file work-v2.txt (compact mmCIF, C-alpha atoms)
# COMPACT_ATOMS: atom_id res chain seq x y z
CA MET A 1 48.89 13.74 -10.76
CA ARG A 2 47.33 11.54 -8.09
CA SER A 3 44.66 11.39 -5.40
CA SER A 4 45.60 11.56 -1.74
CA PHE A 5 47.25 8.58 -0.03
CA SER A 6 44.54 8.75 2.65
CA ILE A 7 41.75 8.28 0.12
CA ASP A 8 43.70 5.58 -1.71
CA LYS A 9 43.57 3.48 1.50
CA VAL A 10 39.76 3.60 1.54
CA GLN A 11 37.77 0.77 -0.02
CA SER A 12 35.88 1.60 -3.21
CA PRO A 13 32.23 2.47 -2.46
CA ILE A 14 30.19 -0.64 -3.10
CA ILE A 15 26.79 0.99 -3.66
CA PRO A 16 27.85 3.03 -6.74
CA THR A 17 29.63 -0.05 -8.11
CA VAL A 18 26.55 -2.25 -7.82
CA ALA A 19 24.28 0.58 -9.01
CA ALA A 20 26.36 0.92 -12.19
CA TRP A 21 25.95 -2.80 -12.91
CA VAL A 22 22.20 -2.48 -12.29
CA ARG A 23 21.89 0.49 -14.66
CA GLY A 24 23.79 -1.50 -17.28
CA THR A 25 21.32 -4.38 -16.97
CA PRO A 26 17.79 -3.00 -17.54
CA GLY A 27 15.07 -4.88 -15.71
CA THR A 28 17.26 -5.78 -12.72
CA LEU A 29 15.41 -6.01 -9.40
CA SER A 30 17.63 -4.62 -6.66
CA MET A 31 17.77 -5.88 -3.10
CA GLY A 32 20.95 -3.91 -2.61
CA GLN A 33 20.77 -0.38 -1.27
CA GLY A 34 19.29 0.30 2.17
CA MET A 35 16.08 2.15 1.40
CA VAL A 36 12.37 1.62 1.89
CA ALA A 37 9.88 1.47 -0.95
CA TYR A 38 7.08 3.32 0.85
CA PRO A 39 6.60 7.04 0.17
CA PRO A 40 6.85 9.87 2.69
CA PRO A 41 3.72 11.23 4.40
CA SER A 42 1.68 13.63 2.26
CA GLU A 43 2.24 16.29 4.90
CA ILE A 44 5.90 16.42 3.87
CA MET A 45 5.00 17.23 0.30
CA GLN A 46 2.58 19.92 1.47
CA ALA A 47 5.28 21.48 3.66
CA CYS A 48 7.55 21.65 0.62
CA CYS A 49 4.81 23.23 -1.50
CA ASP A 50 4.40 25.90 1.18
CA PHE A 51 8.14 26.49 1.42
CA GLY A 52 9.81 29.40 -0.31
CA ARG A 53 7.24 32.14 0.13
CA ALA A 54 9.10 33.89 2.91
CA VAL A 55 12.31 35.79 2.19
CA GLY A 56 14.08 33.92 5.00
CA ASP A 57 13.44 30.60 3.24
CA HIS A 58 16.18 31.50 0.75
CA LEU A 59 18.84 32.52 3.25
CA TYR A 60 21.32 30.48 5.27
CA GLY A 61 19.80 29.07 8.42
CA ALA A 62 21.23 28.28 11.84
CA SER A 63 24.30 26.03 11.81
CA LEU A 64 22.91 23.39 14.15
CA GLY A 65 19.39 23.49 12.71
CA GLU A 66 16.28 25.62 12.86
CA PRO A 67 14.90 26.24 16.39
CA ARG A 68 11.47 24.71 15.64
CA LEU A 69 13.02 21.52 14.29
CA LEU A 70 15.52 21.29 17.15
CA ALA A 71 12.64 21.65 19.62
CA ALA A 72 10.64 18.94 17.85
CA ILE A 73 13.62 16.56 17.81
CA THR A 74 14.33 17.29 21.48
CA ALA A 75 10.73 16.43 22.35
CA LYS A 76 10.88 13.25 20.26
CA LEU A 77 14.10 12.15 21.97
CA LEU A 78 12.56 12.57 25.40
CA ALA A 79 9.30 10.84 24.53
CA GLU A 80 10.64 7.93 22.45
CA ASN A 81 14.29 7.45 23.46
CA ALA A 82 14.23 8.69 27.08
CA ILE A 83 17.10 11.04 26.18
CA ASP A 84 16.83 14.30 28.10
CA CYS A 85 18.89 16.90 26.26
CA ALA A 86 18.65 19.18 29.31
CA GLN A 87 21.18 16.88 30.98
CA GLY A 88 24.15 18.07 28.92
CA ALA A 89 23.36 17.09 25.32
CA GLN A 90 22.72 19.10 22.16
CA VAL A 91 21.09 18.22 18.82
CA MET A 92 22.83 18.91 15.51
CA VAL A 93 20.87 18.49 12.25
CA THR A 94 22.84 17.12 9.29
CA ALA A 95 22.38 16.00 5.69
CA GLY A 96 21.72 12.40 6.71
CA ALA A 97 23.12 10.15 9.45
CA ASN A 98 26.26 9.44 7.40
CA MET A 99 27.17 13.11 7.54
CA ALA A 100 26.44 13.16 11.26
CA PHE A 101 28.98 10.36 11.73
CA LEU A 102 31.63 12.05 9.61
CA ASN A 103 31.10 15.36 11.43
CA VAL A 104 31.58 13.60 14.75
CA LEU A 105 34.79 11.92 13.59
CA LEU A 106 36.19 15.24 12.40
CA ALA A 107 35.47 16.64 15.86
CA ILE A 108 37.02 13.83 17.94
CA LEU A 109 39.62 11.99 15.84
CA ASP A 110 43.32 12.69 15.28
CA PRO A 111 45.52 10.70 12.86
CA GLY A 112 46.33 7.32 14.36
CA ASP A 113 43.38 7.34 16.77
CA GLU A 114 41.36 4.13 16.93
CA VAL A 115 37.64 3.41 16.70
CA ILE A 116 36.39 -0.04 17.70
CA LEU A 117 33.96 -1.59 15.20
CA PRO A 118 32.10 -4.90 15.67
CA VAL A 119 32.11 -6.87 12.42
CA PRO A 120 30.38 -7.08 10.10
CA TYR A 121 30.49 -3.26 10.06
CA TYR A 122 28.62 -0.67 8.02
CA PHE A 123 31.05 0.05 5.19
CA ASN A 124 30.64 3.85 5.04
CA GLN A 125 31.63 4.14 8.70
CA GLU A 126 34.81 2.11 8.23
CA MET A 127 35.56 4.23 5.15
CA ALA A 128 35.06 7.49 7.07
CA ILE A 129 37.52 6.44 9.78
CA ARG A 130 40.19 5.61 7.19
CA MET A 131 39.59 8.87 5.30
CA LEU A 132 40.61 10.79 8.41
CA ASN A 133 43.70 8.62 8.95
CA GLY A 134 42.03 6.92 11.87
CA VAL A 135 42.39 3.21 12.56
CA PRO A 136 39.29 0.97 12.49
CA VAL A 137 39.83 -1.78 15.06
CA THR A 138 37.51 -4.68 14.27
CA VAL A 139 36.18 -7.13 16.85
CA PRO A 140 34.09 -10.24 16.18
CA THR A 141 30.44 -10.72 17.00
CA THR A 142 28.71 -13.95 18.02
CA ALA A 143 27.15 -16.47 15.64
CA ASP A 144 23.89 -14.51 15.86
CA TYR A 145 25.74 -11.19 15.45
CA GLN A 146 25.47 -10.03 19.05
CA LEU A 147 28.26 -8.09 20.77
CA CYS A 148 31.27 -9.89 22.27
CA LEU A 149 31.89 -7.68 25.30
CA GLU A 150 35.19 -9.28 26.30
CA ASP A 151 36.62 -8.78 22.82
CA ILE A 152 35.51 -5.15 22.85
CA LYS A 153 37.10 -4.60 26.24
CA ALA A 154 40.33 -6.28 25.13
CA ALA A 155 40.53 -4.04 22.04
CA ILE A 156 40.69 -0.79 24.05
CA THR A 157 44.12 0.85 23.96
CA PRO A 158 45.46 4.30 24.88
CA LYS A 159 44.71 5.34 21.27
CA THR A 160 41.03 4.35 21.39
CA ARG A 161 38.70 7.32 20.97
CA ALA A 162 35.36 5.59 20.53
CA ILE A 163 33.40 2.35 20.41
CA LEU A 164 30.75 2.23 17.71
CA THR A 165 27.53 0.25 18.01
CA VAL A 166 24.84 0.08 15.30
CA SER A 167 21.51 -1.22 16.61
CA PRO A 168 19.34 -2.27 14.87
CA ASN A 169 22.31 -3.33 12.81
CA ASN A 170 23.35 -2.75 9.24
CA PRO A 171 24.10 -5.23 7.63
CA THR A 172 22.89 -8.02 9.91
CA GLY A 173 19.61 -6.74 11.34
CA ALA A 174 20.74 -7.69 14.86
CA VAL A 175 19.17 -5.77 17.75
CA TYR A 176 21.60 -5.45 20.66
CA SER A 177 20.30 -6.08 24.15
CA GLU A 178 19.90 -3.26 26.64
CA ALA A 179 22.31 -5.04 28.97
CA ASP A 180 25.06 -5.20 26.34
CA LEU A 181 24.61 -1.58 25.30
CA ARG A 182 24.76 -0.51 28.93
CA ALA A 183 27.94 -2.52 29.35
CA VAL A 184 29.57 -0.85 26.33
CA ASN A 185 28.52 2.55 27.59
CA ALA A 186 30.00 1.80 31.00
CA LEU A 187 33.28 0.75 29.36
CA CYS A 188 33.39 4.06 27.52
CA ARG A 189 32.75 6.02 30.69
CA THR A 190 35.45 4.10 32.59
CA HIS A 191 38.06 4.58 29.86
CA GLY A 192 37.19 8.17 28.98
CA ILE A 193 36.17 7.41 25.39
CA TYR A 194 33.03 8.03 23.36
CA HIS A 195 30.20 5.60 22.76
CA ILE A 196 28.87 6.34 19.26
CA SER A 197 25.42 4.78 19.02
CA ASP A 198 24.01 4.60 15.49
CA GLU A 199 20.23 4.26 15.79
CA ALA A 200 19.16 5.01 12.22
CA TYR A 201 16.91 1.93 12.17
CA GLU A 202 15.27 2.53 15.55
CA TYR A 203 11.70 1.90 14.30
CA PHE A 204 12.47 -1.21 12.25
CA LEU A 205 11.84 -3.94 14.84
CA TYR A 206 10.18 -7.37 14.61
CA ASP A 207 9.12 -10.29 16.80
CA GLY A 208 8.73 -8.12 19.91
CA ALA A 209 12.29 -6.75 19.83
CA GLN A 210 12.86 -3.57 21.84
CA HIS A 211 15.15 -0.68 20.95
CA PHE A 212 17.35 0.88 23.64
CA SER A 213 19.17 4.22 23.42
CA PRO A 214 22.39 4.36 25.47
CA GLY A 215 22.02 8.14 25.59
CA SER A 216 19.16 7.60 28.05
CA ILE A 217 21.50 6.21 30.73
CA PRO A 218 21.84 8.66 33.64
CA GLY A 219 25.21 10.39 33.47
CA ALA A 220 25.90 9.25 29.90
CA ALA A 221 25.52 12.63 28.16
CA ALA A 222 29.19 13.60 28.42
CA HIS A 223 30.51 10.53 26.57
CA THR A 224 27.60 9.35 24.39
CA ILE A 225 26.92 10.36 20.79
CA SER A 226 23.66 9.17 19.20
CA LEU A 227 22.97 9.19 15.44
CA TYR A 228 19.53 9.15 13.78
CA SER A 229 17.99 9.24 10.31
CA LEU A 230 14.73 10.96 9.45
CA SER A 231 15.00 10.46 5.70
CA LYS A 232 15.26 6.67 6.07
CA ALA A 233 12.44 6.17 8.57
CA TYR A 234 9.95 8.43 6.79
CA GLY A 235 10.64 7.20 3.27
CA PHE A 236 12.47 10.15 1.70
CA ALA A 237 16.06 8.92 1.59
CA SER A 238 17.04 11.15 -1.34
CA TRP A 239 16.30 14.26 0.72
CA ARG A 240 19.21 13.53 3.12
CA ILE A 241 18.13 14.59 6.60
CA GLY A 242 19.36 13.21 9.91
CA TYR A 243 20.71 14.40 13.23
CA ALA A 244 23.15 13.69 16.03
CA VAL A 245 22.79 14.06 19.78
CA VAL A 246 26.19 15.11 21.13
CA PRO A 247 27.80 16.21 24.39
CA GLU A 248 27.56 19.98 24.84
CA ALA A 249 31.35 20.13 25.20
CA LEU A 250 31.73 19.02 21.55
CA ILE A 251 29.58 21.81 20.13
CA PRO A 252 32.44 24.32 19.51
CA ALA A 253 34.35 21.68 17.51
CA LEU A 254 31.23 20.54 15.64
CA LEU A 255 30.32 24.11 14.72
CA LYS A 256 33.72 24.42 13.01
CA VAL A 257 33.02 21.22 11.08
CA GLN A 258 29.44 22.09 10.17
CA ASP A 259 30.27 25.62 9.07
CA THR A 260 33.12 24.43 6.86
CA ASN A 261 31.32 21.44 5.38
CA LEU A 262 27.61 22.27 5.08
CA ILE A 263 27.35 25.83 6.50
CA ALA A 264 23.81 24.99 7.64
CA PRO A 265 21.31 22.18 6.99
CA PRO A 266 19.12 22.92 3.93
CA LEU A 267 15.97 24.73 5.04
CA ILE A 268 13.61 22.89 2.71
CA THR A 269 14.61 19.47 4.06
CA GLN A 270 14.26 20.81 7.59
CA ALA A 271 10.71 21.91 6.73
CA ALA A 272 10.05 18.38 5.47
CA ALA A 273 11.59 16.89 8.63
CA LEU A 274 9.43 19.06 10.85
CA ALA A 275 6.33 17.92 8.97
CA ALA A 276 7.43 14.31 9.40
CA LEU A 277 7.87 14.71 13.14
CA ASP A 278 4.45 16.38 13.36
CA VAL A 279 2.97 13.27 11.73
CA GLY A 280 4.95 11.13 14.16
CA SER A 281 6.49 7.68 14.24
CA SER A 282 3.05 6.04 14.01
CA TYR A 283 3.39 6.55 10.24
CA CYS A 284 6.58 4.47 10.18
CA LYS A 285 5.05 1.75 12.36
CA VAL A 286 2.09 1.34 9.99
CA GLN A 287 4.54 0.83 7.12
CA LEU A 288 6.38 -1.71 9.25
CA GLN A 289 3.43 -4.09 8.98
CA LYS A 290 4.05 -4.36 5.22
CA LEU A 291 7.77 -4.83 5.79
CA GLU A 292 7.04 -7.68 8.21
CA GLN A 293 5.18 -9.52 5.45
CA GLN A 294 8.08 -9.05 3.05
CA ARG A 295 10.52 -10.16 5.72
CA ALA A 296 8.56 -13.38 6.22
CA GLN A 297 8.47 -13.91 2.46
CA VAL A 298 12.25 -13.48 2.17
CA LEU A 299 13.02 -15.71 5.15
CA ASN A 300 10.76 -18.48 3.88
CA SER A 301 12.46 -18.38 0.48
CA LEU A 302 15.96 -18.41 1.98
CA HIS A 303 15.18 -21.30 4.33
CA SER A 304 14.33 -23.41 1.29
CA SER A 305 17.84 -23.05 -0.17
CA LYS A 306 20.46 -25.74 0.43
CA LEU A 307 23.22 -23.34 -0.63
CA LEU A 308 23.06 -21.32 2.58
CA PHE A 309 24.51 -22.06 5.99
CA PRO A 310 21.98 -21.88 8.86
CA MET A 311 20.90 -18.25 9.26
CA ALA A 312 20.75 -16.07 12.32
CA GLN A 313 17.17 -14.79 12.08
CA THR A 314 17.66 -11.27 13.39
CA GLN A 315 14.99 -8.84 14.55
CA GLY A 316 15.71 -5.41 13.14
CA ALA A 317 16.35 -3.10 10.17
CA PHE A 318 15.33 -4.56 6.79
CA TYR A 319 18.29 -6.79 6.00
CA GLN A 320 19.09 -10.47 6.01
CA PHE A 321 22.78 -11.38 6.04
CA VAL A 322 23.40 -14.82 4.56
CA ARG A 323 26.47 -17.04 4.33
CA LEU A 324 26.84 -19.09 1.15
CA LYS A 325 28.27 -22.54 0.53
CA THR A 326 30.50 -21.57 -2.35
CA GLU A 327 34.12 -20.87 -3.23
CA ARG A 328 33.21 -18.03 -5.59
CA ASN A 329 34.40 -14.48 -5.04
CA ASP A 330 31.46 -12.60 -3.57
CA LEU A 331 31.92 -9.43 -5.64
CA GLU A 332 32.11 -11.46 -8.82
CA LEU A 333 29.05 -13.43 -7.70
CA VAL A 334 27.06 -10.20 -7.27
CA ARG A 335 28.09 -9.02 -10.74
CA LEU A 336 26.96 -12.30 -12.31
CA LEU A 337 23.67 -12.27 -10.41
CA ILE A 338 22.94 -8.85 -11.86
CA GLN A 339 24.13 -9.42 -15.42
CA GLU A 340 22.83 -12.96 -15.87
CA TYR A 341 19.83 -13.18 -13.51
CA LYS A 342 18.79 -9.52 -13.12
CA VAL A 343 18.81 -9.44 -9.34
CA ALA A 344 21.13 -7.43 -7.08
CA ALA A 345 22.48 -7.84 -3.54
CA ILE A 346 25.55 -6.48 -1.71
CA PRO A 347 28.67 -8.64 -1.15
CA GLY A 348 29.88 -9.35 2.37
CA CYS A 349 33.42 -8.16 1.63
CA ALA A 350 32.13 -4.57 1.77
CA PHE A 351 31.21 -5.16 5.43
CA GLY A 352 34.59 -6.58 6.42
CA MET A 353 33.70 -10.26 5.91
CA HIS A 354 36.52 -11.84 3.93
CA ASP A 355 36.90 -15.39 5.27
CA ASP A 356 33.61 -16.68 3.85
CA VAL A 357 31.10 -15.61 1.20
CA TYR A 358 28.20 -13.48 2.41
CA LEU A 359 25.43 -11.42 0.83
CA ARG A 360 23.32 -8.66 2.35
CA ILE A 361 19.75 -8.79 1.11
CA SER A 362 17.54 -5.73 1.61
CA TYR A 363 13.81 -6.47 1.72
CA GLY A 364 12.82 -2.81 2.10
CA MET A 365 13.40 -1.62 -1.46
CA LEU A 366 10.84 -3.58 -3.47
CA ALA A 367 7.07 -3.87 -3.47
CA ARG A 368 5.79 -7.27 -2.36
CA GLU A 369 5.02 -8.60 -5.85
CA CYS A 370 8.48 -7.60 -7.08
CA MET A 371 10.10 -9.13 -4.02
CA GLN A 372 8.71 -12.56 -4.87
CA LEU A 373 10.17 -12.38 -8.36
CA ALA A 374 13.50 -11.04 -7.05
CA MET A 375 13.83 -13.93 -4.60
CA ALA A 376 13.04 -16.45 -7.33
CA ARG A 377 15.78 -14.93 -9.50
CA LEU A 378 18.23 -14.86 -6.59
CA LEU A 379 17.73 -18.50 -5.64
CA LYS A 380 17.90 -19.64 -9.25
CA GLY A 381 21.08 -17.65 -9.78
CA LEU A 382 22.71 -19.01 -6.63
CA GLU A 383 21.76 -22.59 -7.55
CA GLN A 384 23.30 -22.30 -11.00
CA LEU A 385 26.35 -20.16 -10.11
CA CYS A 386 27.28 -21.87 -6.85
call {"tool": "encode", "arguments": {"input": "work-v2.txt", "output": "structure tokens"}}
result
Amino acid sequence: MRSSFSIDKVQSPIIPTVAAWVRGTPGTLSMGQGMVAYPPPSEIMQACCDFGRAVGDHLYGASLGEPRLLAAITAKLLAENAIDCAQGAQVMVTAGANMAFLNVLLAILDPGDEVILPVPYYFNQEMAIRMLNGVPVTVPTTADYQLCLEDIKAAITPKTRAILTVSPNNPTGAVYSEADLRAVNALCRTHGIYHISDEAYEYFLYDGAQHFSPGSIPGAAAHTISLYSLSKAYGFASWRIGYAVVPEALIPALLKVQDTNLIAPPLITQAAALAALDVGSSYCKVQLQKLEQQRAQVLNSLHSSKLLFPMAQTQGAFYQFVRLKTERNDLELVRLLIQEYKVAAIPGCAFGMHDDVYLRISYGMLARECMQLAMARLLKGLEQLC
């Protein structure tokens, strides 16, 4: 008996691997998984307390999402992202942005089709492409992790179905310029392929960086797919709630996927999402002030280390991607950091970086006082192991 050949080709999921090492080493401080430490707004909890009193709360809902939530998301998109869904786009609510991406791939990808990924990539997206027998086509980024437009253009073939951009970026924190995102979107329009724009970290911006949504470009609705996370931004990651903005022409295919996979988004998480949107993104931006302090703390600590190559100080998400001066295997290094120094990070190999040794450090997961201790453990571990 065996698993499928398709799944065998997919890399092992790094987060469960690192989480198992952390659980086996009590007291470990984790700067691994991409979550924030701040709690959701109290209004979310109240909405959940109120949920369940109506008979309809216990029945299946609408496949794409409940009308009130869809209306709230549509209004948010227009106000904050300049995306007008009346111009040929439709919102689909999903159990997190990862599911939105997988749903989209199921709707657009045939075996052997290609998706262009700038590296380092977000590992779950590369895994999803391989699961469906698609081909991830990787292209380099610049030294500061910005897009290389000529390399992207050169990678397009007759089998290309989409170009994926993640901005603000996971794992690097890079924020792509409006000009570059417009250029990618124009390439997609010219070649008749999709631009998948992952914007899960849209609120996590620093040093005056600005977020741009390619879906706002006039005439882009027919070839642009935008992905968002509510559970990440509002501090309730375990609840799994996100959404996609997709061309109307894809809705019949996506309904097949949604009905087979999820049937309909859970109503209780939609109630929580609606409460979050009623509170508004100002809640997230207040929390960002605390994250900025932790970011400065992490950067100051890293700059003091002689074991790191010069860093690209990026302006988004809550990650710092660092390159180490060592010959050690990065996965083994992460295991030793956990088991011997009680601090966790994610190895660069999971993001497609195999030529050198990298770590992704998340400064969103820990409270400030714990972050200081975690960084001290990390630097001590790197000094002694490398």
call {"tool": "residues_around", "arguments": {"input": "work-v2.txt", "residues": "region 39-51 of chain A", "least_positions_apart": "2", "cutoff": "9 Å", "atoms": "all atoms listed in the file", "output": "MDAnalysis selection string"}}
result
chainID A and resid 36:37 53:54 57 231 233:236 267:269 271:276 278:279 283
call {"tool": "residues_around", "arguments": {"input": "work-v2.txt", "residues": "Asp259 (chain A)", "least_positions_apart": "5", "cutoff": "10 Å", "atoms": "all atoms listed in the file", "output": "list in words"}}
result
Ala62, Ser63, Leu64, Leu254, Ala264 and Pro265 of chain A
call {"tool": "residues_around", "arguments": {"input": "work-v2.txt", "residues": "Leu333 (chain A)", "least_positions_apart": "3", "cutoff": "12 Å", "atoms": "all atoms listed in the file", "output": "VMD selection string"}}
result
chain A and resid 18 324 326 to 330 336 to 341 343 to 349 357 to 359 378 381 to 386
call {"tool": "closest_residue", "arguments": {"input": "work-v2.txt", "among": "A:Gly280, A:Gly316, A:Pro214, A:Pro13", "to": "Ala350 (chain A)", "atoms": "only C-alpha atoms"}}
result
A:Pro13
call {"tool": "residues_around", "arguments": {"input": "work-v2.txt", "residues": "Gly173 (chain A)", "least_positions_apart": "5", "cutoff": "7 Å", "atoms": "all atoms listed in the file", "output": "list in words"}}
result
Pro168, Thr314, Gln315, Gly316, Ala317, Phe318, Tyr319 and Gln320 of chain A
call {"tool": "residues_near_point", "arguments": {"input": "work-v2.txt", "point": "(18.0, 21.7, 16.2)", "cutoff": "9 Å", "atoms": "all atoms listed in the file", "output": "list in words"}}
result
Ala62, Ser63, Leu64, Gly65, Glu66, Pro67, Arg68, Leu69, Leu70, Ala71, Ala72, Ile73, Thr74, Gln90, Val91, Met92, Val93 and Tyr243 of chain A
call {"tool": "write_last_selection", "arguments": {"input": "work-v2.txt", "atoms": "C-alpha atoms", "output": "CSV table (one decimal), in the coordinates of the input"}}
result
chain,number,residue,atom,x,y,z
A,62,ALA,CA,21.2,28.3,11.8
A,63,SER,CA,24.3,26.0,11.8
A,64,LEU,CA,22.9,23.4,14.2
A,65,GLY,CA,19.4,23.5,12.7
A,66,GLU,CA,16.3,25.6,12.9
A,67,PRO,CA,14.9,26.2,16.4
A,68,ARG,CA,11.5,24.7,15.6
A,69,LEU,CA,13.0,21.5,14.3
A,70,LEU,CA,15.5,21.3,17.2
A,71,ALA,CA,12.6,21.6,19.6
A,72,ALA,CA,10.6,18.9,17.8
A,73,ILE,CA,13.6,16.6,17.8
A,74,THR,CA,14.3,17.3,21.5
A,90,GLN,CA,22.7,19.1,22.2
A,91,VAL,CA,21.1,18.2,18.8
A,92,MET,CA,22.8,18.9,15.5
A,93,VAL,CA,20.9,18.5,12.2
A,243,TYR,CA,20.7,14.4,13.2
call {"tool": "closest_residue", "arguments": {"input": "work-v2.txt", "among": "A:Leu77, A:Ser12, A:Leu331, A:Leu181", "to": "Ala128 (chain A)", "atoms": "all atoms listed in the file"}}
result
A:Ser12
call {"tool": "axis_aligned_box", "arguments": {"input": "work-v2.txt", "around": "region 335-341 of chain A", "padding_each_side": "6 Å", "output": "lines of an AutoDock Vina configuration file"}}
result
center_x = 24.0
center_y = -11.0
center_z = -13.1
size_x = 20.3
size_y = 16.3
size_z = 17.5
call {"tool": "residues_around", "arguments": {"input": "work-v2.txt", "residues": "Ile251 (chain A)", "least_positions_apart": "2", "cutoff": "12 Å", "atoms": "all atoms listed in the file", "output": "MDAnalysis selection string"}}
result
chainID A and resid 63:64 88:92 103:104 107:108 222 225 244:249 253:259
call {"tool": "atom_distance", "arguments": {"input": "work-v2.txt", "atom1": "CA of Glu150 (chain A)", "atom2": "CA of Pro118 (chain A)"}}
result
11.9 Å
call {"tool": "build_atoms", "arguments": {"input": "work-v2.txt", "residues": "region 344-358 of chain A", "atoms": "N, CA and C atoms", "output": "compact mmCIF listing (two decimals), in the frame of the given file"}}
result
# COMPACT_ATOMS: atom_id res chain seq x y z
N ALA A 344 19.95 -8.02 -7.72
CA ALA A 344 21.13 -7.43 -7.08
C ALA A 344 21.08 -7.59 -5.57
N ALA A 345 22.26 -7.84 -4.99
CA ALA A 345 22.48 -7.84 -3.54
C ALA A 345 23.84 -7.18 -3.31
N ILE A 346 24.27 -7.11 -2.05
CA ILE A 346 25.55 -6.48 -1.71
C ILE A 346 26.49 -7.54 -1.14
N PRO A 347 27.75 -7.60 -1.62
CA PRO A 347 28.67 -8.64 -1.15
C PRO A 347 29.18 -8.38 0.26
N GLY A 348 29.44 -9.46 0.98
CA GLY A 348 29.88 -9.35 2.37
C GLY A 348 31.24 -8.72 2.55
N CYS A 349 32.09 -8.75 1.50
CA CYS A 349 33.42 -8.16 1.63
C CYS A 349 33.35 -6.68 1.95
N ALA A 350 32.28 -5.99 1.50
CA ALA A 350 32.13 -4.57 1.77
C ALA A 350 31.94 -4.29 3.26
N PHE A 351 31.49 -5.30 4.00
CA PHE A 351 31.21 -5.16 5.43
C PHE A 351 32.32 -5.76 6.30
N GLY A 352 33.46 -6.05 5.67
CA GLY A 352 34.59 -6.58 6.42
C GLY A 352 34.60 -8.07 6.58
N MET A 353 33.77 -8.80 5.82
CA MET A 353 33.70 -10.26 5.91
C MET A 353 34.45 -10.85 4.73
N HIS A 354 35.64 -11.37 5.00
CA HIS A 354 36.52 -11.84 3.93
C HIS A 354 36.82 -13.33 4.00
N ASP A 355 36.54 -13.98 5.12
CA ASP A 355 36.90 -15.39 5.27
C ASP A 355 35.91 -16.32 4.59
N ASP A 356 34.65 -15.89 4.51
CA ASP A 356 33.61 -16.68 3.85
C ASP A 356 32.83 -15.77 2.92
N VAL A 357 31.88 -16.35 2.19
CA VAL A 357 31.10 -15.61 1.20
C VAL A 357 29.73 -15.27 1.79
N TYR A 358 29.45 -13.97 1.85
CA TYR A 358 28.20 -13.48 2.41
C TYR A 358 27.52 -12.54 1.42
